[in-house]
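Chemist: So here's final35.csv (CSV, C-alpha atoms).
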```csv
chain,number,residue,atom,x,y,z
A,1,MET,CA,-6.4,-55.7,-15.8
A,2,GLY,CA,-3.3,-55.0,-13.7
A,3,ARG,CA,-4.7,-56.8,-10.7
A,4,TRP,CA,-1.4,-58.6,-10.2
A,5,GLU,CA,0.6,-55.3,-10.0
A,6,PRO,CA,-0.3,-53.8,-6.7
A,7,ASN,CA,-0.3,-50.0,-6.7
A,8,ALA,CA,1.2,-49.9,-10.2
A,9,ARG,CA,0.3,-46.2,-10.7
A,10,GLY,CA,1.9,-45.1,-7.4
A,11,ARG,CA,5.0,-47.1,-8.2
A,12,LEU,CA,5.3,-45.6,-11.6
A,13,GLU,CA,4.9,-42.1,-10.2
A,14,GLN,CA,7.6,-42.7,-7.6
A,15,ALA,CA,10.0,-44.1,-10.2
A,16,ALA,CA,9.3,-41.2,-12.6
A,17,LEU,CA,9.9,-38.6,-10.0
A,18,ALA,CA,13.1,-40.2,-8.9
A,19,LEU,CA,14.4,-40.5,-12.4
A,20,PHE,CA,13.3,-36.9,-13.4
A,21,ALA,CA,15.2,-35.7,-10.3
A,22,GLU,CA,18.3,-37.8,-11.0
A,23,ARG,CA,18.6,-37.4,-14.8
A,24,GLY,CA,16.3,-34.6,-15.7
A,25,PHE,CA,12.9,-34.8,-17.3
A,26,GLU,CA,14.1,-34.7,-20.9
A,27,GLN,CA,16.6,-37.5,-20.4
A,28,THR,CA,14.1,-39.9,-18.9
A,29,THR,CA,12.1,-42.3,-21.0
A,30,ALA,CA,8.8,-44.2,-20.3
A,31,ALA,CA,10.7,-47.5,-20.7
A,32,GLU,CA,13.2,-46.5,-18.0
A,33,ILE,CA,10.4,-45.4,-15.6
A,34,ALA,CA,8.7,-48.8,-16.1
A,35,ARG,CA,11.9,-50.6,-15.5
A,36,ARG,CA,12.7,-48.7,-12.3
A,37,ALA,CA,9.2,-49.5,-11.0
A,38,GLY,CA,9.7,-53.2,-11.8
A,39,LEU,CA,6.8,-53.0,-14.4
A,40,THR,CA,6.5,-53.3,-18.1
A,41,GLU,CA,6.3,-50.4,-20.5
A,42,ARG,CA,2.9,-51.6,-21.5
A,43,THR,CA,1.8,-51.2,-17.9
A,44,PHE,CA,3.2,-47.6,-18.0
A,45,PHE,CA,1.1,-46.8,-21.0
A,46,ARG,CA,-2.0,-48.3,-19.4
A,47,HIS,CA,-1.7,-45.6,-16.7
A,48,PHE,CA,-0.2,-42.6,-18.6
A,49,ALA,CA,-0.3,-41.4,-22.2
A,50,ASP,CA,3.3,-40.2,-21.8
A,51,LYS,CA,5.9,-39.2,-19.2
A,52,ARG,CA,4.5,-35.7,-19.0
A,53,GLU,CA,1.2,-37.0,-17.9
A,54,VAL,CA,2.8,-38.3,-14.7
A,55,LEU,CA,3.2,-34.7,-13.7
A,56,PHE,CA,0.1,-33.2,-15.3
A,57,GLY,CA,-2.3,-36.2,-15.3
A,58,GLY,CA,-5.9,-36.2,-14.6
A,59,GLY,CA,-8.6,-33.5,-14.5
A,60,THR,CA,-9.0,-34.3,-10.8
A,61,LEU,CA,-7.9,-30.9,-9.6
A,62,ARG,CA,-10.2,-29.0,-11.8
A,63,GLU,CA,-13.2,-31.2,-11.0
A,64,LEU,CA,-12.5,-31.1,-7.3
A,65,ILE,CA,-12.4,-27.3,-7.4
A,66,LEU,CA,-15.5,-26.9,-9.5
A,67,SER,CA,-17.6,-29.3,-7.4
A,68,ALA,CA,-16.5,-27.5,-4.2
A,69,LEU,CA,-17.4,-24.2,-5.8
A,70,ALA,CA,-20.9,-25.5,-6.5
A,71,GLU,CA,-21.3,-26.1,-2.7
A,72,VAL,CA,-20.4,-22.6,-1.6
A,73,PRO,CA,-23.4,-20.7,-0.3
A,74,ALA,CA,-24.8,-18.0,-2.6
A,75,SER,CA,-24.3,-15.4,0.1
A,76,ALA,CA,-20.5,-15.6,-0.2
A,77,THR,CA,-18.7,-12.9,-2.3
A,78,PRO,CA,-17.1,-14.0,-5.6
A,79,LEU,CA,-13.6,-13.9,-4.1
A,80,GLU,CA,-14.7,-15.9,-1.0
A,81,THR,CA,-16.4,-18.4,-3.3
A,82,ALA,CA,-13.3,-18.9,-5.4
A,83,ALA,CA,-11.0,-19.1,-2.3
A,84,ALA,CA,-13.3,-21.7,-0.6
A,85,ALA,CA,-13.3,-23.8,-3.8
A,86,LEU,CA,-9.5,-23.7,-3.9
A,87,GLU,CA,-9.2,-24.5,-0.2
A,88,ALA,CA,-11.1,-27.7,-0.9
A,89,THR,CA,-8.0,-29.1,-2.6
A,90,GLY,CA,-6.3,-29.2,0.8
A,91,PRO,CA,-6.9,-32.8,1.8
A,92,MET,CA,-6.0,-34.1,-1.6
A,93,PHE,CA,-2.7,-32.3,-1.7
A,94,GLN,CA,-2.0,-33.1,2.0
A,95,GLU,CA,-2.3,-36.8,1.2
A,96,ARG,CA,0.2,-36.4,-1.6
A,97,ARG,CA,2.5,-33.8,0.0
A,98,GLU,CA,5.7,-35.6,-0.8
A,99,PHE,CA,4.6,-36.2,-4.4
A,100,ALA,CA,3.7,-32.5,-4.7
A,101,ARG,CA,7.0,-31.4,-3.4
A,102,GLN,CA,9.1,-33.6,-5.6
A,103,ARG,CA,6.9,-32.6,-8.6
A,104,GLN,CA,7.4,-28.9,-7.9
A,105,ALA,CA,11.2,-29.2,-7.7
A,106,ILE,CA,11.1,-31.0,-11.1
A,107,ILE,CA,8.9,-28.4,-12.7
A,108,VAL,CA,10.9,-25.4,-11.4
A,109,ALA,CA,14.0,-26.9,-12.9
A,110,ASN,CA,12.5,-27.2,-16.4
A,111,PRO,CA,11.4,-24.2,-18.5
A,112,GLU,CA,9.1,-26.3,-20.7
A,113,LEU,CA,7.4,-27.8,-17.7
A,114,ARG,CA,7.1,-24.4,-16.1
A,115,GLU,CA,5.3,-23.2,-19.2
A,116,ARG,CA,3.0,-26.2,-19.0
A,117,GLU,CA,2.2,-25.4,-15.3
A,118,LEU,CA,1.4,-21.8,-16.2
A,119,ILE,CA,-1.0,-22.9,-18.9
A,120,LYS,CA,-2.6,-25.4,-16.5
A,121,LEU,CA,-3.2,-22.6,-14.0
A,122,ALA,CA,-4.5,-20.2,-16.7
A,123,ASN,CA,-7.0,-22.9,-17.7
A,124,LEU,CA,-8.0,-23.3,-14.1
A,125,ALA,CA,-8.6,-19.6,-13.9
A,126,ASP,CA,-10.8,-19.7,-17.0
A,127,ALA,CA,-12.8,-22.6,-15.5
A,128,LEU,CA,-13.2,-20.7,-12.2
A,129,ALA,CA,-14.3,-17.5,-14.1
A,130,GLU,CA,-16.9,-19.5,-16.0
A,131,ALA,CA,-18.2,-21.1,-12.9
A,132,LEU,CA,-18.5,-17.7,-11.3
A,133,ARG,CA,-20.4,-16.3,-14.3
A,134,GLY,CA,-22.7,-19.3,-13.9
A,135,ARG,CA,-23.5,-18.0,-10.4
A,136,GLY,CA,-24.5,-14.6,-11.8
A,137,VAL,CA,-21.2,-12.8,-11.3
A,138,PRO,CA,-20.8,-10.1,-14.0
A,139,ASP,CA,-18.2,-11.0,-16.7
A,140,THR,CA,-15.4,-8.6,-15.8
A,141,THR,CA,-15.7,-9.2,-12.1
A,142,ALA,CA,-15.7,-13.0,-12.7
A,143,ASN,CA,-12.5,-12.8,-14.8
A,144,LEU,CA,-10.6,-10.6,-12.4
A,145,THR,CA,-11.7,-12.6,-9.3
A,146,ALA,CA,-10.7,-15.9,-10.9
A,147,GLU,CA,-7.3,-14.6,-11.9
A,148,VAL,CA,-6.7,-13.1,-8.5
A,149,ALA,CA,-7.9,-16.2,-6.7
A,150,ILE,CA,-5.4,-18.3,-8.8
A,151,THR,CA,-2.6,-15.9,-7.9
A,152,VAL,CA,-3.5,-16.3,-4.2
A,153,PHE,CA,-3.5,-20.1,-4.7
A,154,ARG,CA,-0.1,-20.0,-6.4
A,155,VAL,CA,1.5,-18.0,-3.7
A,156,ALA,CA,0.0,-20.2,-1.0
A,157,PHE,CA,1.0,-23.4,-2.9
A,158,GLU,CA,4.6,-22.2,-3.2
A,159,ARG,CA,4.7,-21.6,0.5
A,160,TRP,CA,3.2,-25.0,1.2
A,161,VAL,CA,5.7,-27.0,-0.8
A,162,ASP,CA,8.5,-25.3,1.0
A,163,GLU,CA,9.7,-28.0,3.4
A,164,SER,CA,10.2,-25.7,6.3
A,165,ASN,CA,6.5,-24.9,6.3
A,166,GLU,CA,4.3,-27.0,8.6
A,167,ARG,CA,1.0,-25.4,7.9
A,168,ASP,CA,-1.6,-26.9,5.7
A,169,LEU,CA,-2.7,-25.5,2.3
A,170,PRO,CA,-6.1,-24.1,3.2
A,171,GLU,CA,-4.5,-22.2,6.1
A,172,LEU,CA,-1.9,-20.8,3.7
A,173,ILE,CA,-4.6,-19.8,1.2
A,174,ARG,CA,-6.4,-17.9,3.9
A,175,GLU,CA,-3.2,-16.2,4.9
A,176,SER,CA,-2.4,-15.2,1.3
A,177,LEU,CA,-6.0,-13.9,0.9
A,178,GLY,CA,-5.5,-11.8,4.0
A,179,GLU,CA,-2.3,-10.4,2.6
A,180,LEU,CA,-4.0,-9.6,-0.6
A,181,LYS,CA,-6.6,-7.7,1.2
A,182,ALA,CA,-3.9,-5.8,3.1
A,183,VAL,CA,-2.0,-5.1,-0.1
A,184,THR,CA,-5.1,-3.7,-1.9
A,185,SER,CA,-6.4,-1.7,0.9
A,186,ALA,CA,-3.1,-0.1,2.0
A,187,GLY,CA,-3.1,3.6,1.5
A,188,ALA,CA,-6.5,3.6,-0.2
B,1,MET,CA,23.7,-0.7,-42.7
B,2,GLY,CA,20.1,-0.7,-43.8
B,3,ARG,CA,20.1,3.0,-44.5
B,4,TRP,CA,18.6,2.4,-48.0
B,5,GLU,CA,15.7,0.5,-46.6
B,6,PRO,CA,13.4,3.1,-44.9
B,7,ASN,CA,11.6,1.7,-41.9
B,8,ALA,CA,12.6,-1.9,-42.6
B,9,ARG,CA,11.7,-3.1,-39.1
B,10,GLY,CA,8.2,-1.6,-39.3
B,11,ARG,CA,7.6,-3.1,-42.8
B,12,LEU,CA,8.8,-6.5,-41.6
B,13,GLU,CA,6.5,-6.3,-38.6
B,14,GLN,CA,3.5,-5.4,-40.8
B,15,ALA,CA,4.3,-8.1,-43.3
B,16,ALA,CA,4.7,-10.7,-40.5
B,17,LEU,CA,1.4,-9.8,-38.8
B,18,ALA,CA,-0.4,-10.0,-42.1
B,19,LEU,CA,1.0,-13.4,-43.0
B,20,PHE,CA,0.5,-14.8,-39.5
B,21,ALA,CA,-3.1,-13.7,-39.7
B,22,GLU,CA,-3.6,-15.1,-43.2
B,23,ARG,CA,-1.8,-18.4,-43.0
B,24,GLY,CA,-1.1,-19.0,-39.3
B,25,PHE,CA,2.1,-18.5,-37.4
B,26,GLU,CA,3.4,-22.0,-37.9
B,27,GLN,CA,2.9,-21.9,-41.7
B,28,THR,CA,4.8,-18.6,-42.2
B,29,THR,CA,8.6,-18.5,-42.8
B,30,ALA,CA,11.1,-15.6,-42.4
B,31,ALA,CA,11.8,-15.7,-46.1
B,32,GLU,CA,8.1,-15.1,-46.9
B,33,ILE,CA,7.9,-12.3,-44.4
B,34,ALA,CA,10.9,-10.6,-46.1
B,35,ARG,CA,9.4,-11.1,-49.5
B,36,ARG,CA,6.1,-9.6,-48.5
B,37,ALA,CA,7.9,-6.6,-47.1
B,38,GLY,CA,9.9,-6.2,-50.3
B,39,LEU,CA,13.1,-6.9,-48.4
B,40,THR,CA,15.7,-9.6,-48.3
B,41,GLU,CA,15.8,-12.5,-45.8
B,42,ARG,CA,19.2,-11.1,-44.7
B,43,THR,CA,17.5,-7.9,-43.8
B,44,PHE,CA,14.9,-9.8,-41.8
B,45,PHE,CA,17.7,-11.5,-39.8
B,46,ARG,CA,19.4,-8.2,-39.2
B,47,HIS,CA,16.3,-7.1,-37.3
B,48,PHE,CA,15.0,-10.3,-35.7
B,49,ALA,CA,16.6,-13.6,-34.6
B,50,ASP,CA,13.5,-15.5,-35.8
B,51,LYS,CA,9.9,-15.0,-36.7
B,52,ARG,CA,8.8,-15.4,-33.0
B,53,GLU,CA,10.9,-12.4,-32.1
B,54,VAL,CA,8.6,-10.2,-34.3
B,55,LEU,CA,6.0,-10.9,-31.6
B,56,PHE,CA,8.2,-11.1,-28.5
B,57,GLY,CA,11.1,-9.0,-29.4
B,58,GLY,CA,13.0,-6.6,-27.3
B,59,GLY,CA,13.3,-6.1,-23.6
B,60,THR,CA,11.8,-2.7,-24.0
B,61,LEU,CA,8.6,-3.3,-22.0
B,62,ARG,CA,10.5,-4.7,-19.0
B,63,GLU,CA,13.0,-1.8,-19.0
B,64,LEU,CA,10.3,0.8,-19.5
B,65,ILE,CA,8.4,-0.6,-16.5
B,66,LEU,CA,11.4,-0.9,-14.2
B,67,SER,CA,12.6,2.6,-15.0
B,68,ALA,CA,9.2,4.0,-14.3
B,69,LEU,CA,9.0,2.1,-11.1
B,70,ALA,CA,12.3,3.7,-9.9
B,71,GLU,CA,10.6,7.1,-10.3
B,72,VAL,CA,7.6,6.3,-8.1
B,73,PRO,CA,7.8,8.2,-4.8
B,74,ALA,CA,8.7,6.1,-1.8
B,75,SER,CA,5.5,7.1,-0.1
B,76,ALA,CA,3.4,5.1,-2.5
B,77,THR,CA,2.2,1.7,-1.4
B,78,PRO,CA,3.7,-1.4,-3.1
B,79,LEU,CA,0.6,-2.0,-5.2
B,80,GLU,CA,0.3,1.7,-6.2
B,81,THR,CA,4.0,1.6,-7.1
B,82,ALA,CA,3.6,-1.5,-9.3
B,83,ALA,CA,0.4,-0.1,-10.9
B,84,ALA,CA,2.1,3.3,-11.7
B,85,ALA,CA,5.0,1.5,-13.3
B,86,LEU,CA,2.7,-0.5,-15.5
B,87,GLU,CA,0.7,2.6,-16.4
B,88,ALA,CA,3.9,4.1,-17.8
B,89,THR,CA,3.6,1.6,-20.7
B,90,GLY,CA,0.6,3.5,-21.9
B,91,PRO,CA,2.2,5.9,-24.4
B,92,MET,CA,4.3,3.1,-26.0
B,93,PHE,CA,1.3,0.9,-26.5
B,94,GLN,CA,-0.9,3.7,-27.6
B,95,GLU,CA,1.6,4.5,-30.4
B,96,ARG,CA,1.5,0.8,-31.5
B,97,ARG,CA,-2.2,0.1,-30.8
B,98,GLU,CA,-2.8,-1.4,-34.2
B,99,PHE,CA,0.2,-3.6,-33.9
B,100,ALA,CA,-0.8,-4.6,-30.4
B,101,ARG,CA,-4.3,-5.6,-31.5
B,102,GLN,CA,-3.1,-7.7,-34.5
B,103,ARG,CA,-0.5,-9.3,-32.3
B,104,GLN,CA,-3.0,-10.2,-29.7
B,105,ALA,CA,-5.3,-11.9,-32.2
B,106,ILE,CA,-2.4,-14.0,-33.5
B,107,ILE,CA,-1.3,-15.0,-30.0
B,108,VAL,CA,-4.8,-15.9,-28.8
B,109,ALA,CA,-5.1,-18.2,-31.9
B,110,ASN,CA,-1.9,-20.2,-31.2
B,111,PRO,CA,-1.4,-22.3,-28.0
B,112,GLU,CA,2.3,-22.2,-28.3
B,113,LEU,CA,2.3,-18.4,-28.5
B,114,ARG,CA,-0.1,-18.2,-25.6
B,115,GLU,CA,2.3,-20.1,-23.5
B,116,ARG,CA,5.1,-17.8,-24.5
B,117,GLU,CA,3.0,-14.8,-23.6
B,118,LEU,CA,2.2,-16.3,-20.2
B,119,ILE,CA,5.9,-16.9,-19.6
B,120,LYS,CA,6.7,-13.4,-20.6
B,121,LEU,CA,4.2,-12.0,-18.1
B,122,ALA,CA,5.4,-14.4,-15.4
B,123,ASN,CA,9.0,-13.1,-16.0
B,124,LEU,CA,7.7,-9.6,-15.8
B,125,ALA,CA,6.0,-10.4,-12.4
B,126,ASP,CA,9.4,-11.7,-11.2
B,127,ALA,CA,11.2,-8.5,-12.3
B,128,LEU,CA,8.5,-6.4,-10.6
B,129,ALA,CA,8.8,-8.4,-7.4
B,130,GLU,CA,12.6,-8.0,-7.4
B,131,ALA,CA,12.3,-4.2,-7.9
B,132,LEU,CA,9.8,-4.0,-5.0
B,133,ARG,CA,12.1,-6.0,-2.8
B,134,GLY,CA,14.8,-3.5,-3.8
B,135,ARG,CA,12.6,-0.8,-2.3
B,136,GLY,CA,12.4,-2.6,1.0
B,137,VAL,CA,9.1,-4.3,0.5
B,138,PRO,CA,9.1,-7.6,2.4
B,139,ASP,CA,9.6,-10.8,0.3
B,140,THR,CA,6.1,-12.3,0.5
B,141,THR,CA,4.3,-8.9,0.0
B,142,ALA,CA,6.6,-8.1,-3.0
B,143,ASN,CA,5.7,-11.4,-4.7
B,144,LEU,CA,2.0,-11.2,-4.1
B,145,THR,CA,1.8,-7.5,-5.1
B,146,ALA,CA,3.8,-8.2,-8.3
B,147,GLU,CA,1.6,-11.1,-9.3
B,148,VAL,CA,-1.6,-9.2,-8.6
B,149,ALA,CA,-0.4,-6.1,-10.4
B,150,ILE,CA,0.4,-8.2,-13.5
B,151,THR,CA,-3.1,-9.8,-13.3
B,152,VAL,CA,-4.6,-6.3,-13.2
B,153,PHE,CA,-2.4,-5.3,-16.2
B,154,ARG,CA,-3.5,-8.4,-18.1
B,155,VAL,CA,-7.2,-7.7,-17.5
B,156,ALA,CA,-6.8,-4.1,-18.5
B,157,PHE,CA,-4.7,-5.0,-21.6
B,158,GLU,CA,-7.4,-7.4,-22.8
B,159,ARG,CA,-9.9,-4.7,-22.5
B,160,TRP,CA,-7.7,-2.2,-24.3
B,161,VAL,CA,-7.1,-4.4,-27.3
B,162,ASP,CA,-10.9,-4.9,-27.7
B,163,GLU,CA,-11.7,-2.7,-30.6
B,164,SER,CA,-14.9,-1.4,-29.2
B,165,ASN,CA,-12.9,0.2,-26.3
B,166,GLU,CA,-11.9,3.8,-26.8
B,167,ARG,CA,-10.2,4.4,-23.5
B,168,ASP,CA,-6.4,4.3,-23.0
B,169,LEU,CA,-4.5,1.7,-21.2
B,170,PRO,CA,-3.5,3.7,-18.0
B,171,GLU,CA,-7.2,4.5,-17.5
B,172,LEU,CA,-8.1,0.8,-17.9
B,173,ILE,CA,-5.4,-0.2,-15.5
B,174,ARG,CA,-6.8,2.2,-12.9
B,175,GLU,CA,-10.3,0.8,-13.6
B,176,SER,CA,-9.1,-2.8,-13.0
B,177,LEU,CA,-7.3,-1.8,-9.9
B,178,GLY,CA,-10.5,-0.2,-8.6
B,179,GLU,CA,-12.3,-3.4,-9.4
B,180,LEU,CA,-9.7,-5.4,-7.6
B,181,LYS,CA,-10.1,-3.3,-4.5
B,182,ALA,CA,-13.9,-3.7,-4.7
B,183,VAL,CA,-13.5,-7.5,-5.2
B,184,THR,CA,-11.1,-7.9,-2.2
B,185,SER,CA,-13.0,-5.7,0.2
B,186,ALA,CA,-16.5,-7.0,-0.6
B,187,GLY,CA,-18.1,-8.7,2.4
B,188,ALA,CA,-14.9,-8.4,4.4
```
Can you dump the structure from the file as structure tokens?

Modeler:
Amino acid sequence: MGRWEPNARGRLEQAALALFAERGFEQTTAAEIARRAGLTERTFFRHFADKREVLFGGGTLRELILSALAEVPASATPLETAAAALEATGPMFQERREFARQRQAIIVANPELRERELIKLANLADALAEALRGRGVPDTTANLTAEVAITVFRVAFERWVDESNERDLPELIRESLGELKAVTSAGA
Amino acid sequence: MGRWEPNARGRLEQAALALFAERGFEQTTAAEIARRAGLTERTFFRHFADKREVLFGGGTLRELILSALAEVPASATPLETAAAALEATGPMFQERREFARQRQAIIVANPELRERELIKLANLADALAEALRGRGVPDTTANLTAEVAITVFRVAFERWVDESNERDLPELIRESLGELKAVTSAGA
């Protein structure tokens, strides 16, 4: 199915991002995205449940993070464990840097999408906390560590999507983590 | 206006919380809230723009935090400054502990309200970051500090609304802050 439409998913993504940027997310329909991509609406719905899923599709990120977390040596502290798991998303994002940047610009411009993104990150924090508890980290430490790790990730991600920034995401995560340590130890 | 209706706002709040808990937020109307409170719908709309505003009304929290922040001595570190500002909400919440607990139960049960709450906290983090920048804290430190302070606040607030917890909010904020410091310095 879809063999005769090379890279349909990628074409649909590109068309969607272009239209969201031109007209706004609300004003764009799935049919218009398909047309712009030179594909049928039916093909669009083979790849995405709706236009929002172009931006929030797939549980890939979560699974990538959780499987990376499972590989972190037990000797690592909870925060190092969470940070290492988040750093593992680096190659995936690097490969889709242009997509990530365009996506971010669209999300920032739309309050509803910003809310969706916050929820996604909150769910990711919950999943991280659960994985940490599974490694024997006490409940309250697991929650706090997961929340803080996601905060570090958000700050790093925002720096990374900034076009003037040439560094890669894992490096920026480590930088944010260093800043966090400086912020929490200052004056203590 | 409203002189003949003693504590109309408080009665409307209580009626709203009771109905949200009994029937769910979506299934409750402003008219029903007014009726339960023994007041008219017109009185309801003199106090709240809509039923959601019963839960998210007023910029009080934000103003309270920002004015407390302005009082923190310049010698405090950015994170201590933010934490002290957040601790200043203690008396207000303490006075409305039962409201805060009921409100939290309603919000946790409703995805749309959870999103709204996340947005509210994200906006609060932005306001904190701006206030820190106004005190000369560099941009990146201000953002990270504000985000982390809000995370500490959220964790403390969740503990505080837990009925089995007898401690007050400022104490729980300081406890979370101590845990944060432990989490970030461990193994460093």

Chemist: Could you check how far CA of Ala105 (chain B) sits from CA of Glu147 (chain A), in Å to one decimal?

Modeler: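 Separating CA of Ala105 (chain B) from CA of Glu147 (chain A) is a distance of 20.6 Å.
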
Chemist: Between A:Ala129, A:Ile33, A:Leu19, A:Ala142, single out the one closest to chain B, counting only C-alpha atoms.

Modeler: A:Ala142

Chemist: Counting only C-alpha atoms, collect the residues of chain A whose closest atom lies at most 10 Å from chain B, and write them out as a PyMOL selection string.

Modeler: chain A and resi 75-80+111-112+114-119+122+140-145+147-152+154-156+159+176-188

Chemist: Suppose you want the space between CA of Leu169 (chain A) and CA of Ala83 (chain B); what is it in Å?

Modeler: 28.8 Å

Chemist: How many Å separate CA of Lys51 (chain A) from CA of Ala109 (chain B)?

Modeler: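 Going from CA of Lys51 (chain A) over to CA of Ala109 (chain B) covers 26.9 Å.
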
Chemist: Near region 8-11 of chain A, counting all atoms listed in the file, which residues have an atom at most 12 Å away, once you skip same-chain residues fewer than 6 positions from it, shown as number ranges by chain?

Modeler: A: 1-2, 17-18, 33-48, 53-54, 57, 96, 99

Chemist: Please return, as JSON, numbers by chain, all polymer residues that have at least one atom within 12 Å of the point (-26.0, -16.7, -4.3); use only C-alpha atoms and the file's own coordinate frame.

Modeler: {"A": [69, 70, 71, 72, 73, 74, 75, 76, 77, 78, 80, 81, 132, 133, 134, 135, 136, 137]}

Chemist: Choose the residue, out of A:Ile106, A:Ala131, A:Ala100, A:Leu124, that has the smallest atom-to-atom separation from Trp160 (chain A); count all atoms listed in the file.

Modeler: A:Ala100

Chemist: Would you mind telling me which residue in B:Asn165, B:Gln27, B:Asn7, B:Thr60 lies nearest to Met92 (chain B) when using only C-alpha atoms?

Modeler: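 For Met92 (chain B), the nearest of the candidates is B:Thr60.
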
Chemist: Counting all atoms listed in the file, which of B:Leu121, B:Leu61, B:Ala68, B:Ala16 gets nearest to Thr29 (chain B)?

Modeler: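 For Thr29 (chain B), the nearest of the given residues is B:Ala16.
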